[in-house]
$ cat structure10.txt   # compact mmCIF, C-alpha atoms
# COMPACT_ATOMS: atom_id res chain seq x y z
CA MET A 1 0.00 0.00 0.00
CA THR A 2 3.01 2.33 0.23
CA THR A 3 2.90 2.56 -3.57
CA LEU A 4 -0.57 4.11 -3.34
CA ILE A 5 0.56 6.84 -0.94
CA VAL A 6 3.63 7.63 -3.04
CA ALA A 7 1.46 8.01 -6.14
CA VAL A 8 -0.88 10.40 -4.36
CA LEU A 9 2.04 12.42 -3.02
CA LEU A 10 3.62 12.69 -6.46
CA VAL A 11 0.43 13.88 -8.17
CA VAL A 12 -0.74 16.31 -5.51
CA GLY A 13 2.76 17.38 -4.54
CA GLY A 14 3.56 18.22 -8.16
CA ALA A 15 0.56 20.51 -8.36
CA VAL A 16 1.50 22.27 -5.12
CA THR A 17 5.13 22.69 -6.26
CA GLY A 18 4.01 24.20 -9.56
CA ILE A 19 1.80 26.76 -7.82
CA ALA A 20 4.59 27.63 -5.36
CA LEU A 21 7.09 28.21 -8.20
CA ASP A 22 4.58 30.42 -10.01
CA ARG A 23 4.11 32.45 -6.85
CA VAL A 24 7.90 32.91 -6.41
CA ARG A 25 8.32 34.03 -10.04
CA LEU A 26 5.44 36.49 -9.66
CA ARG A 27 6.94 38.06 -6.56
CA ARG A 28 10.32 38.51 -8.26
CA TRP A 29 8.67 40.13 -11.28
CA LEU A 30 6.69 42.51 -9.07
CA ARG A 31 9.80 43.47 -7.10
CA ARG A 32 11.45 44.50 -10.35
CA LEU A 33 8.45 46.75 -11.10
CA SER A 34 8.70 48.45 -7.69
CA PRO A 35 10.96 51.55 -7.54
CA GLU A 36 12.69 50.13 -4.46
CA GLY A 37 12.94 46.58 -5.83
CA ARG A 38 10.28 45.29 -3.47
CA SER A 39 6.54 45.25 -3.09
CA GLY A 40 5.67 48.25 -0.96
CA PRO A 41 2.78 50.57 -0.34
CA GLU A 42 3.18 52.01 -3.82
CA MET A 43 2.45 48.57 -5.41
CA PRO A 44 -0.66 48.70 -7.61
CA ARG A 45 -3.79 47.35 -5.99
CA SER A 46 -4.34 44.93 -8.85
CA ALA A 47 -0.87 43.43 -8.30
CA ARG A 48 -1.51 42.93 -4.60
CA GLY A 49 -4.79 41.21 -5.39
CA PHE A 50 -3.02 38.95 -7.84
CA ILE A 51 -0.49 37.95 -5.18
CA GLU A 52 -3.22 37.29 -2.63
CA ALA A 53 -5.09 35.15 -5.16
CA ALA A 54 -1.92 33.16 -5.83
CA GLN A 55 -1.42 32.75 -2.08
CA ARG A 56 -4.96 31.44 -1.70
CA ARG A 57 -4.43 29.01 -4.57
CA GLY A 58 -1.32 27.73 -2.84
CA ASP A 59 -3.14 27.33 0.48
CA VAL A 60 -5.98 25.42 -1.18
CA ALA A 61 -3.51 23.17 -2.99
CA GLU A 62 -1.61 22.46 0.24
CA ALA A 63 -4.86 21.64 2.04
CA GLY A 64 -5.76 19.33 -0.85
CA ARG A 65 -2.38 17.60 -0.58
CA VAL A 66 -2.80 17.03 3.18
CA SER A 67 -6.35 15.76 2.66
CA ALA A 68 -5.27 13.38 -0.11
CA VAL A 69 -2.41 11.98 1.97
CA THR A 70 -4.76 11.49 4.95
CA ALA A 71 -7.31 9.73 2.74
CA ALA A 72 -4.62 7.49 1.23
CA ARG A 73 -3.33 6.53 4.66
CA ARG A 74 -6.88 5.85 5.85
CA LEU A 75 -7.43 3.65 2.80
CA GLU A 76 -4.13 1.84 3.45
CA ALA A 77 -5.08 1.16 7.08
CA SER A 78 -8.53 -0.05 6.03
CA LEU A 79 -7.20 -2.46 3.41
CA ASP A 80 -4.47 -3.72 5.75
CA GLY A 81 -7.22 -4.48 8.25
CA LEU A 82 -8.83 -6.93 5.82
CA GLN A 83 -8.20 -10.61 6.51
CA SER A 84 -8.39 -11.28 2.78
CA GLY A 85 -5.39 -10.48 0.59
CA LEU A 86 -5.78 -7.79 -2.10
CA VAL A 87 -3.44 -7.09 -5.03
CA VAL A 88 -3.95 -4.45 -7.75
CA CYS A 89 -1.89 -4.21 -10.93
CA ASP A 90 -1.95 -1.64 -13.75
CA ARG A 91 -2.48 -2.33 -17.45
CA THR A 92 1.17 -3.34 -17.85
CA GLY A 93 0.95 -5.95 -15.09
CA SER A 94 3.00 -3.99 -12.54
CA VAL A 95 1.69 -4.27 -8.97
CA VAL A 96 0.61 -0.80 -7.83
CA ALA A 97 -1.08 -1.71 -4.54
CA GLN A 98 -1.23 -4.62 -2.10
CA ASN A 99 -2.36 -4.98 1.48
CA ALA A 100 -0.53 -6.65 4.36
CA ALA A 101 -2.46 -9.93 4.00
CA ALA A 102 -1.28 -10.27 0.38
CA GLU A 103 2.39 -9.51 1.09
CA GLN A 104 2.90 -12.86 2.87
CA PHE A 105 2.11 -14.60 -0.43
CA LEU A 106 3.96 -12.30 -2.84
CA LEU A 107 7.12 -12.31 -0.72
CA ALA A 108 6.99 -15.97 0.37
CA ARG A 109 9.67 -18.47 -0.64
CA HIS A 110 8.12 -21.72 0.56
CA GLY A 111 4.53 -22.98 0.92
CA GLU A 112 2.73 -19.65 0.51
CA ALA A 113 4.79 -18.98 -2.62
CA LEU A 114 2.37 -21.28 -4.48
CA VAL A 115 -0.42 -18.85 -3.65
CA GLY A 116 1.74 -15.92 -4.81
CA ARG A 117 2.32 -17.65 -8.14
CA GLU A 118 -1.42 -18.22 -8.61
CA ILE A 119 -2.08 -14.55 -7.84
CA LYS A 120 0.29 -13.44 -10.60
CA GLU A 121 -1.07 -15.95 -13.12
CA LEU A 122 -4.68 -14.97 -12.45
CA LEU A 123 -3.86 -11.25 -12.67
CA GLU A 124 -2.40 -11.87 -16.14
CA ARG A 125 -5.59 -13.61 -17.23
CA ALA A 126 -7.71 -10.88 -15.63
CA ARG A 127 -5.81 -8.19 -17.59
CA ALA A 128 -6.94 -10.05 -20.71
CA GLY A 129 -10.57 -9.62 -19.62
CA GLU A 130 -11.23 -12.92 -17.80
CA ARG A 131 -12.84 -13.37 -14.39
CA VAL A 132 -11.17 -16.40 -12.83
CA THR A 133 -11.21 -18.31 -9.54
CA THR A 134 -9.01 -21.14 -8.31
CA THR A 135 -8.34 -23.03 -5.07
CA VAL A 136 -4.84 -23.66 -3.74
CA GLU A 137 -4.21 -26.48 -1.25
CA LEU A 138 -1.04 -26.25 0.84
CA HIS A 139 -0.02 -29.63 2.24
CA THR A 140 1.72 -28.05 5.21
CA GLU A 141 1.20 -28.80 8.90
CA PRO A 142 -1.47 -27.76 9.55
CA ARG A 143 -2.93 -27.94 6.06
CA ARG A 144 -4.17 -24.66 4.58
CA SER A 145 -6.64 -23.89 1.79
CA TYR A 146 -6.94 -20.61 -0.12
CA GLU A 147 -9.27 -19.33 -2.82
CA VAL A 148 -7.84 -16.81 -5.30
CA GLU A 149 -10.24 -14.69 -7.37
CA ALA A 150 -9.23 -12.14 -10.01
CA GLY A 151 -11.00 -9.84 -12.44
CA PRO A 152 -10.29 -6.86 -14.71
CA ILE A 153 -10.60 -3.21 -13.65
CA GLU A 154 -12.53 -1.47 -16.41
CA ARG A 155 -13.81 2.04 -17.17
CA ASP A 156 -15.74 2.99 -20.28
CA SER A 157 -14.95 -0.41 -21.84
CA GLU A 158 -11.21 0.20 -21.32
CA THR A 159 -9.14 -2.18 -19.17
CA LEU A 160 -7.07 -0.19 -16.67
CA GLY A 161 -5.58 -3.16 -14.81
CA ALA A 162 -6.72 -6.06 -12.64
CA VAL A 163 -7.46 -6.89 -9.02
CA ALA A 164 -7.00 -10.18 -7.16
CA LEU A 165 -8.50 -11.26 -3.82
CA VAL A 166 -7.21 -14.13 -1.65
CA TYR A 167 -9.50 -15.82 0.89
CA ASP A 168 -8.39 -18.25 3.59
CA ILE A 169 -11.01 -21.04 3.33
CA THR A 170 -9.21 -23.50 5.63
CA GLU A 171 -11.88 -23.30 8.31
CA HIS A 172 -14.69 -23.75 5.77
CA HIS A 173 -13.02 -26.90 4.45
CA ARG A 174 -12.52 -28.21 7.99
CA ILE A 175 -16.17 -27.60 8.90
CA ASP A 176 -17.35 -29.29 5.70
CA SER A 177 -15.11 -32.27 6.43
CA VAL A 178 -16.36 -32.51 10.03
CA ARG A 179 -19.96 -32.29 8.83
CA ARG A 180 -19.45 -35.07 6.28
CA ASP A 181 -17.67 -37.26 8.82
CA PHE A 182 -20.38 -36.60 11.39
CA VAL A 183 -23.20 -37.61 9.06
CA ALA A 184 -21.29 -40.73 7.99
CA ASN A 185 -20.48 -41.68 11.59
CA VAL A 186 -24.02 -41.12 12.86
CA SER A 187 -25.38 -43.22 10.00
CA HIS A 188 -22.89 -45.99 10.78
CA GLU A 189 -23.39 -45.90 14.53
CA LEU A 190 -27.17 -46.16 14.23
CA LYS A 191 -27.17 -48.58 11.31
CA THR A 192 -25.12 -51.19 13.19
CA PRO A 193 -27.46 -51.73 16.17
CA ILE A 194 -30.57 -51.30 14.02
CA GLY A 195 -29.25 -53.97 11.66
CA ALA A 196 -28.57 -56.22 14.63
CA LEU A 197 -32.10 -55.64 15.93
CA SER A 198 -33.51 -56.63 12.55
CA LEU A 199 -31.57 -59.89 12.53
CA LEU A 200 -32.53 -60.67 16.13
CA ALA A 201 -36.18 -60.01 15.36
CA ASP A 202 -36.01 -62.33 12.34
CA SER A 203 -34.37 -65.03 14.47
CA LEU A 204 -36.98 -64.58 17.17
CA ALA A 205 -39.79 -64.96 14.65
CA ALA A 206 -38.20 -68.10 13.16
CA ASP A 207 -37.50 -69.81 16.49
CA PRO A 208 -40.14 -69.08 19.14
CA GLU A 209 -38.67 -71.52 21.68
CA PRO A 210 -38.79 -69.90 25.16
CA GLU A 211 -35.06 -70.30 25.86
CA VAL A 212 -34.09 -68.92 22.46
CA ALA A 213 -36.60 -66.09 22.77
CA THR A 214 -35.22 -65.12 26.17
CA ARG A 215 -31.65 -65.07 24.87
CA LEU A 216 -32.58 -63.09 21.76
CA ALA A 217 -34.68 -60.65 23.78
CA GLY A 218 -31.66 -60.00 26.01
CA ARG A 219 -29.52 -59.24 22.98
CA MET A 220 -32.23 -56.95 21.61
CA GLN A 221 -32.28 -54.99 24.86
CA ILE A 222 -28.52 -54.47 24.61
CA GLU A 223 -28.80 -53.13 21.04
CA ILE A 224 -31.77 -50.92 21.96
CA GLN A 225 -29.77 -49.49 24.85
CA ARG A 226 -26.87 -48.80 22.48
CA VAL A 227 -29.16 -46.80 20.17
CA ALA A 228 -30.62 -44.93 23.15
CA ASP A 229 -27.14 -44.10 24.51
CA THR A 230 -26.00 -42.78 21.13
CA ILE A 231 -29.08 -40.59 20.77
CA ASP A 232 -28.71 -39.28 24.34
CA ASP A 233 -25.07 -38.37 23.72
CA LEU A 234 -25.93 -36.68 20.44
CA LEU A 235 -28.60 -34.60 22.16
CA THR A 236 -26.14 -33.69 24.91
CA LEU A 237 -23.57 -32.54 22.34
CA ALA A 238 -26.19 -30.52 20.48
CA MET A 239 -27.18 -28.80 23.73
CA LEU A 240 -23.57 -28.02 24.61
CA GLU A 241 -22.77 -26.60 21.16
CA ASP A 242 -25.93 -24.46 20.93
CA GLU A 243 -25.70 -22.90 24.39
CA SER A 244 -24.89 -19.19 24.19
CA GLY A 245 -23.61 -19.16 27.76
CA ARG A 246 -23.12 -21.45 30.68
CA SER A 247 -25.36 -21.59 33.72
CA ASP A 248 -24.67 -19.29 36.67
CA GLU A 249 -25.05 -21.95 39.37
CA GLN A 250 -22.57 -21.95 42.23
CA VAL A 251 -21.11 -25.45 41.87
CA ASP A 252 -19.25 -27.38 44.55
CA ILE A 253 -16.86 -29.43 42.41
CA CYS A 254 -16.20 -31.92 45.23
CA ALA A 255 -19.92 -32.73 45.34
CA VAL A 256 -19.88 -33.11 41.54
CA VAL A 257 -17.00 -35.59 41.71
CA ALA A 258 -18.69 -37.52 44.52
CA ALA A 259 -21.91 -37.81 42.51
CA ALA A 260 -20.05 -39.00 39.40
CA ALA A 261 -18.09 -41.55 41.46
CA ASP A 262 -21.31 -42.84 42.96
CA ARG A 263 -22.83 -43.31 39.48
CA ILE A 264 -19.82 -45.34 38.30
CA SER A 265 -19.56 -47.44 41.48
CA GLN A 266 -21.74 -50.32 40.29
CA PRO A 267 -20.05 -50.80 36.86
CA ALA A 268 -16.66 -50.50 38.58
CA GLU A 269 -17.62 -53.11 41.17
CA GLN A 270 -18.78 -55.49 38.44
CA ARG A 271 -15.34 -55.20 36.79
CA ASP A 272 -13.50 -55.43 40.15
CA ILE A 273 -12.02 -51.95 39.77
CA MET A 274 -11.46 -49.59 42.72
CA VAL A 275 -12.37 -45.90 42.26
CA ILE A 276 -10.53 -43.74 44.80
CA VAL A 277 -11.30 -40.01 45.22
CA SER A 278 -8.67 -37.85 46.93
CA GLY A 279 -7.22 -34.37 46.97
CA GLU A 280 -8.44 -31.09 48.42
CA GLN A 281 -11.85 -31.22 50.09
CA ASP A 282 -12.34 -27.48 50.68
CA VAL A 283 -11.88 -25.96 47.23
CA SER A 284 -13.57 -22.82 45.97
CA VAL A 285 -16.91 -23.18 44.22
CA ILE A 286 -17.08 -22.27 40.55
CA ARG A 287 -19.84 -20.77 38.46
CA GLY A 288 -21.25 -23.19 35.91
CA ALA A 289 -23.72 -25.94 35.11
CA ARG A 290 -23.68 -28.76 37.64
CA ARG A 291 -25.25 -31.34 35.31
CA GLN A 292 -22.70 -30.63 32.58
CA LEU A 293 -19.75 -30.87 34.94
CA GLU A 294 -21.04 -34.09 36.48
CA SER A 295 -21.53 -35.52 32.97
CA ALA A 296 -17.93 -34.62 32.06
CA VAL A 297 -16.43 -36.25 35.16
CA PHE A 298 -18.67 -39.31 34.77
CA ASN A 299 -17.58 -39.77 31.13
CA LEU A 300 -13.94 -39.72 32.19
CA LEU A 301 -14.64 -42.26 34.93
CA ASP A 302 -16.69 -44.41 32.55
CA ASN A 303 -13.81 -44.52 30.05
CA ALA A 304 -11.28 -45.25 32.78
CA VAL A 305 -13.32 -48.19 34.09
CA LYS A 306 -14.08 -49.61 30.64
CA PHE A 307 -10.47 -49.53 29.49
CA SER A 308 -8.94 -50.89 32.70
CA GLU A 309 -8.20 -54.53 33.35
CA PRO A 310 -10.15 -56.30 36.13
CA GLY A 311 -8.54 -55.72 39.51
CA GLY A 312 -7.25 -52.31 38.44
CA ARG A 313 -7.57 -48.90 40.08
CA VAL A 314 -8.89 -45.50 39.02
CA ASP A 315 -7.78 -42.36 40.91
CA VAL A 316 -9.74 -39.10 40.93
CA VAL A 317 -7.86 -36.10 42.31
CA VAL A 318 -9.24 -32.60 42.95
CA GLU A 319 -6.71 -29.83 43.54
CA THR A 320 -6.08 -26.15 42.88
CA HIS A 321 -3.13 -24.51 41.11
CA ASP A 322 -3.02 -20.72 41.37
CA ARG A 323 -6.48 -19.63 40.18
CA ASP A 324 -7.28 -22.89 38.38
CA LEU A 325 -9.14 -25.96 39.56
CA HIS A 326 -7.89 -29.34 38.31
CA VAL A 327 -9.93 -32.54 38.27
CA SER A 328 -7.84 -35.46 37.05
CA VAL A 329 -8.89 -39.04 36.38
CA ALA A 330 -6.06 -41.58 36.10
CA ASP A 331 -6.29 -45.27 35.24
CA GLU A 332 -3.91 -48.22 34.88
CA GLY A 333 -5.44 -49.38 31.62
CA ILE A 334 -4.26 -49.98 28.07
CA GLY A 335 -3.14 -46.40 27.45
CA ILE A 336 -3.37 -44.38 24.23
CA PRO A 337 -0.80 -44.52 21.40
CA ALA A 338 0.94 -41.19 20.81
CA SER A 339 -0.27 -41.11 17.21
CA GLU A 340 -3.91 -41.22 18.36
CA ARG A 341 -3.91 -38.59 21.10
CA SER A 342 -4.58 -35.58 18.88
CA ARG A 343 -7.86 -37.12 17.67
CA ILE A 344 -9.37 -38.71 20.76
CA PHE A 345 -11.64 -35.71 21.44
CA GLU A 346 -13.26 -35.96 18.00
CA ARG A 347 -16.83 -37.22 17.86
CA PHE A 348 -17.10 -40.98 17.31
CA TYR A 349 -13.31 -41.42 17.21
CA ARG A 350 -12.16 -44.62 18.93
CA VAL A 351 -8.65 -45.84 19.52
CA ASP A 352 -9.76 -49.48 19.71
CA ARG A 353 -13.07 -49.85 17.87
CA ALA A 354 -13.50 -53.53 18.64
CA ARG A 355 -13.03 -53.00 22.38
CA SER A 356 -15.28 -49.92 22.36
CA ARG A 357 -18.11 -51.91 20.84
CA ASN A 358 -17.67 -54.70 23.40
CA THR A 359 -17.82 -52.19 26.25
CA GLY A 360 -20.80 -50.34 24.77
CA GLY A 361 -19.07 -47.00 24.14
CA THR A 362 -20.62 -44.49 21.72
CA GLY A 363 -17.39 -42.66 20.88
CA LEU A 364 -18.92 -39.35 22.04
CA GLY A 365 -17.86 -39.26 25.70
CA LEU A 366 -14.56 -37.40 25.32
CA SER A 367 -16.10 -34.95 22.88
CA ILE A 368 -18.70 -34.14 25.54
CA VAL A 369 -15.92 -33.67 28.12
CA ARG A 370 -14.10 -31.21 25.87
CA HIS A 371 -17.25 -29.17 25.15
CA VAL A 372 -18.14 -28.96 28.84
CA ALA A 373 -14.63 -27.75 29.69
CA LEU A 374 -14.67 -25.13 26.91
CA ASN A 375 -18.16 -23.95 27.91
CA HIS A 376 -16.77 -23.23 31.38
CA GLY A 377 -13.75 -21.31 30.11
CA GLY A 378 -11.41 -24.23 30.74
CA ASP A 379 -9.76 -27.07 28.87
CA VAL A 380 -9.00 -30.77 29.02
CA ASN A 381 -5.72 -32.54 28.29
CA VAL A 382 -4.35 -36.05 28.42
CA THR A 383 -1.06 -37.72 29.26
CA SER A 384 -0.71 -41.41 28.52
CA GLN A 385 1.75 -44.23 28.10
CA GLU A 386 0.67 -47.18 26.05
CA GLY A 387 0.26 -50.24 28.24
CA TYR A 388 0.50 -48.26 31.51
CA GLY A 389 -2.62 -46.10 31.59
CA SER A 390 -3.84 -42.56 30.99
CA ARG A 391 -4.52 -39.39 32.96
CA PHE A 392 -7.18 -36.91 31.82
CA THR A 393 -7.24 -33.51 33.51
CA ILE A 394 -10.05 -30.96 33.32
CA THR A 395 -8.84 -27.43 34.11
CA LEU A 396 -11.43 -24.85 35.18
CA PRO A 397 -10.90 -21.21 36.23
CA ILE A 398 -11.82 -20.57 39.85
CA ASP A 399 -12.11 -16.81 39.42
CA SER A 400 -15.17 -17.38 37.22
CA ALA A 401 -17.13 -17.42 40.44
CA ASP A 402 -15.89 -13.98 41.62
$ encode --input "structure10.txt" --output "structure tokens"
Amino acid sequence: MTTLIVAVLLVVGGAVTGIALDRVRLRRWLRRLSPEGRSGPEMPRSARGFIEAAQRRGDVAEAGRVSAVTAARRLEASLDGLQSGLVVCDRTGSVVAQNAAAEQFLLARHGEALVGREIKELLERARAGERVTTTVELHTEPRRSYEVEAGPIERDSETLGAVALVYDITEHHRIDSVRRDFVANVSHELKTPIGALSLLADSLAADPEPEVATRLAGRMQIEIQRVADTIDDLLTLAMLEDESGRSDEQVDICAVVAAAADRISQPAEQRDIMVIVSGEQDVSVIRGARRQLESAVFNLLDNAVKFSEPGGRVDVVVETHDRDLHVSVADEGIGIPASERSRIFERFYRVDRARSRNTGGTGLGLSIVRHVALNHGGDVNVTSQEGYGSRFTITLPIDSAD
């Protein structure tokens, strides 16, 4: 955008300089006409009026120059504030203006240089009268996607140059991908138990023996419960994502942990797993939604119990660090491979699909935990060693209750 300011300064400054030189020449000429070599009281009234008119012209031109420079700088700041890149070239193809977002592409030497090359190619085509759009995928880490659009600048059927715009569409692509995956996963998750129910119903109709019917009915109840659990978790996620703000309840996190531990006690006892709650008992209350927080802690406990071996142990620790409250759930289970940890909070993502199905997991629990933490201004993270267990920690700000 510096080019734009320079151009304005050259045009307006040239006009001001010309007027100033004319005024100097006029004064010298008038001094020669004066008997004393200077403009004095004896100077003709018409000459003084001419000088004053020239002075006014100079003042107007100077004010115009200042106004033009201010407008150019305002335009530069406005264009630099755009997230989209903008590049303007003249009819010869020379770049005459570009904003800050576009400079990273035009000056790049590595990945973004591909976008810079597309900008130049599309500007050439736009100067020829075309309106063109293309998408550039950068296989960097993380991956980036850009859309480049260019068109001619015309006036009275004459092409004066071309303009190109660059949009970062990475987030749009990510959302589209998540939406497609979500639809596919929901369809798969519901199709599997519904298909099983259909087969069980056919078997029940073909073999009405009481013992067989009882066994098949038990299997049908399991599949029905799986569908119900999936739908419940989907509704919970929808509620968490649509909420504009969290509840203003004063929540005792120790009571939340105790309630979640009580809910998991029976499944843990059936698997011969001890759940031990420890840590600070007199922590500050936080402002939030009790049901959401209890659901988050319960989901962590549920995962810990399901992925632990019989006879194992799950530890729940509540403690404060500075102005943060930490609730951690640690198990001695199978652990999570390092390559999988970045994806475990995605909806329906499972590290071990076969084991998840055997334990009745929906693949939505950790996604619910993450959304609850984010809704309360906090976060959740995991440390794990494959074969030795995992530790999930929810971090919540205490000062949210102040």
$ closest_residue --input "structure10.txt" --among "A:His110, A:Arg91, A:Arg125, A:Lys120" --to "Leu138 in chain A" --atoms "all atoms listed in the file"
A:His110
$ residues_around --input "structure10.txt" --residues "Gly387 in chain A" --least-positions-apart "4" --cutoff "7 Å" --atoms "only C-alpha atoms" --output "ChimeraX atom specification"
/A:333-335
$ residues_near_point --input "structure10.txt" --point "(-8.7, -6.8, -9.8)" --cutoff "7 Å" --atoms "all atoms listed in the file" --output "MDAnalysis selection string"
chainID A and resid 88 150:153 161:164
$ residues_around --input "structure10.txt" --residues "Asp248 in chain A" --least-positions-apart "2" --cutoff "7 Å" --atoms "all atoms listed in the file" --output "JSON, numbers by chain"
{"A": [246, 250, 287, 288, 289]}
$ residues_around --input "structure10.txt" --residues "range 292-294 of chain A" --least-positions-apart "6" --cutoff "10 Å" --atoms "only C-alpha atoms" --output "PyMOL selection string"
chain A and resi 236+240+246-247+251+253+255-261+263+368-369+371-373+375-376+394
$ atom_distance --input "structure10.txt" --atom1 "CA of Gly365 in chain A" --atom2 "CA of Asn299 in chain A"
5.5 Å
$ residues_around --input "structure10.txt" --residues "range 187-200 of chain A" --least-positions-apart "3" --cutoff "9 Å" --atoms "all atoms listed in the file" --output "list in words"
Phe182, Val183, Ala184, Ser203, Leu204, Ala205, Leu216, Ala217, Arg219, Met220, Gln221, Ile222, Glu223, Ile224, Arg226, Val227, Thr230, Ile231, Phe348 and Thr362 of chain A
$ atom_distance --input "structure10.txt" --atom1 "CA of Leu374 in chain A" --atom2 "CA of Arg341 in chain A"
18.2 Å
